[in-house]
Amino acid sequence: MTSQEKTKVVLLACGSFNPITNMHLRMFELARDHLEDTGRYRVVKGIISPVGDSYKKKGLIEARHRLEMARLATQNSDWITVDDWESQQPEWVETAKVVRHHHAELISSENNNDDVDTVKCGKRRKLEKNENIRQSSSNNTGADPPYLNLLCGADVLESFGVPNLWKPEDIEEIVGRYGVACITRCGSDPEKFINQSDVLYKHRKNIHLVREWVTNEISATHVRRALRRRQSVRYLLPDPVVSYIEERSLYSAESEQKNADVILAPFQRYTSTN
Amino acid sequence: MVRGTEMAGRIPLVLLACGSFNPITHQHMRLFELARDHMQQTGLYRVVAGIVSPVGDDYGKQGLVASKHRLAMARLALKSSDWVSVDDWESQQTDWTETVVTMRYHYNRIAAQYHSSKDPPTGSDVPQLKLLCGADFMDTFKVPGLWRDDHVEEVVGRFGLVCVSRGSLQPDRAIHESDLLSKHRRRIFLVQEWVHNEISATEVRRALRRGQSVKYLLPDTVIEYIKEHNLYTQDSEMRNKDVKLRPLTKQTIQD
């Protein structure tokens with residue numbers, strides 16, 4: 001298959017990134033390797049979209065910090081970028097809407113022939129959105145918009161089963177209209193979960209299970225706990241992120257209590273409409 | 001992150017990690033961070049330095065690339081560390097060197113520095129030296145011919161171990177199953193690594209052979225070095241394939 005015949009893929013990761021860790025970054029690398037290894041895809045871009053403060057998750061610190069840490073973490077990546085659209089919205093935005101938004105953005109940039117390409121020429125700096133980039137030789141005129149996949153861990157896939165966390169039509173849209181690249185974890189069995197869900201089973205061809213053979217579970221929760229206890233988190237997150245956190249004493253017992261008595265936005269929104 | 005005043009009167013401690021470092025990864029560097037936090041949080045110790053001592057090429061382990069590369073990569077990785085450094089004494093010796101010999105060398109060097117220093121910190125003792133290792137290391141003690149009993153006695157009994165648990169590997173069992181280790185269990189500090197992270201140098205080499213990304217598992221500078229020198233390939237993994245591990249030929253099994 002020539003390069004032109006491969007389907008272009010963009011990976012979008014939504015989440016708290018509170019803070020971003022090496023594990024989050026690894027997910028992108030693993031997913032890209034997996035998809036490109038099939039021979040059918042060419043992963044052209046990765047997008048990190050931190051959730052807005054109005055999500056009201058316990059311990060969630062301000063979006064401006066989470067965005068900046070993600071930027072610091074990806075400054076040495078030539079294909080992963082950070083997007084602030086989601087966090088800039090006044091209210092919490094459902095993931096399906098975020099995916100829809102980015103899909104629309106990708107289509108419009110395709111139509112403008114701003115083809116974002118990840119040619120692996122090592123030293124190339126991370127591209128800013130809307131920068132004028134050289135046109136790809138395939139002269140893609142928007143006939144085939146990139147295949148946008150939600151990148152997530154198996155726990156997110158399994159969260160589809162949590163009552164009032166996701167709207168059924170949103171799940172259908174994410175897996176049916178777009179796609180999911182799911183990093184499987186030791187101890188989780190996403191295939192079983194997919195099999196037990198009619199909507200997931202129906203769209204199983206759009207769910208790419210990326211097997212993580214070697215466990216690598218650096219959770220942000222653990223990182224915040226270590227920071228509260230004045231323990232080192234070096235080598236769990238990129239150095240510039242560690243410095244950023246230390247300089248501002250970002251995570252403390254106090255910051256962990258934020259939103260302690262508040263209901264998570266999706267629960268608030270969906271239960272009130274019942 | 002312990003304040004200066006809290007450090008007064010504590011025993012200064014140097015942590016020494018011996019190993020292949022083939023290549024060095026974030027996991028290796030985490031060992032030092034975890035060990036330092038643990039030892040300082042006992043309230044008894046002040047960790048003053050960390051040493052990475054890559055094994056010599058004569059060790060004969062399969063897949064071991066030249067020590068000059070392993071040293072260069074470790075130096076790149078630790079460039080930004082203000083307390084851990086790389087030492088090449090062990091790898092420069094003409095034959096494989098027993099861990100206890102390496103420990104004696106470093107201990108003597110540290111003690112000499114302490115004694116010749118004009119102003120040793122008040123109330124400070126000669127720094128202690130302990131061997132830093134992962135839980136998998138504990139299991140090596142029971143491999144026949146790999147360790148001499150008198151060496152284990154000295155490494156654990158005279159110096160001491162700081163052992164970091166790894167994935168499902170818990171060192172308690174290895175201690176329990178060995179009379180020698182059990183005898184010295186008070187000299188073995190067990191550090192829990194709660195983050196379940198099984199990334200190893202073996203996995204990194206495997207990924208590299210398959211053209212897969214290893215980004216975020218080791219520093220970018222080390223990844224660049226590996227690519228520039230095309231270090232880890234099918235061929236490199238076959239090195240020493242039919243060679244016996246040097247400790248097994250150098251040391252005779254004591255009856």
# chains A, B, ... in the order shown; residues from 1 in each chain; ligands from 1

$ select_by_dssp --residues "segment 190-238 of chain A" --states "helix (DSSP H, G or I)" --output "list in words"
Pro190, Glu191, Lys192, Phe193, Ile194, Asn195, Gln196, Asp198, Val199, Leu200, Tyr201, Lys202, Arg204, Lys205, Asn206, Ala220, Thr221, His222, Val223, Arg224, Arg225, Ala226, Leu227 and Arg228 of chain A

$ interface_residues --of "chain A" --to "chain B" --cutoff "9 Å" --atoms "only C-alpha atoms" --output "VMD selection string"
chain A and resid 22 to 23 25 to 26 29 to 30 32 to 34 76 214 to 219 222 230 to 238

$ residues_around --residues "segment 66-70 of chain B" --least-positions-apart "3" --cutoff "7 Å" --atoms "only C-alpha atoms" --output "MDAnalysis selection string"
chainID B and resid 21:23 56:57 73:74 91

$ closest_residue --among "A:Val223, A:Cys186, A:Ile171, A:Ala253" --to "Tyr201 of chain A" --atoms "only C-alpha atoms"
A:Ile171

$ residues_around --residues "Thr38 of chain A" --least-positions-apart "4" --cutoff "12 Å" --atoms "only C-alpha atoms" --output "PDB file with C-alpha atoms, in the first residue's frame"
ATOM      1  CA  MET A   1       0.000   0.000   0.000  1.00  0.00           C
ATOM      2  CA  LYS A   6      -3.311   4.637   3.800  1.00  0.00           C
ATOM      3  CA  THR A   7      -6.021   6.216   5.898  1.00  0.00           C
ATOM      4  CA  ALA A  31      -1.386   3.629  19.605  1.00  0.00           C
ATOM      5  CA  ARG A  32       0.558   5.074  16.721  1.00  0.00           C
ATOM      6  CA  ASP A  33       2.841   2.042  16.489  1.00  0.00           C
ATOM      7  CA  HIS A  34      -0.157  -0.295  16.628  1.00  0.00           C
ATOM      8  CA  ARG A  42      -0.784   6.680   8.895  1.00  0.00           C
ATOM      9  CA  VAL A  43      -1.065   8.563  12.166  1.00  0.00           C
ATOM     10  CA  HIS A 208      -8.778  -0.652  17.998  1.00  0.00           C
ATOM     11  CA  VAL A 210      -3.825  -1.716  21.582  1.00  0.00           C
TER      12      VAL A 210
END

$ residues_around --residues "Gly46 of chain A" --least-positions-apart "5" --cutoff "9 Å" --atoms "only C-alpha atoms" --output "MDAnalysis selection string"
chainID A and resid 9:13 28 79:82

$ closest_residue --among "A:Phe160, A:Leu200, A:Arg269, A:Ala154" --to "Gly176 of chain A" --atoms "only C-alpha atoms"
A:Leu200

$ atom_distance --atom1 "atom CA of Gly153 of chain A" --atom2 "atom CA of Ile223 of chain B"
25.6 Å

$ residues_around --residues "Leu76 of chain B" --least-positions-apart "5" --cutoff "9 Å" --atoms "only C-alpha atoms" --output "list of chain:residue names"
B:Leu71, B:Pro219, B:Thr221, B:Val222, B:Tyr225

$ atom_distance --atom1 "atom CA of Ile51 of chain B" --atom2 "atom CA of Arg173 of chain B"
27.2 Å
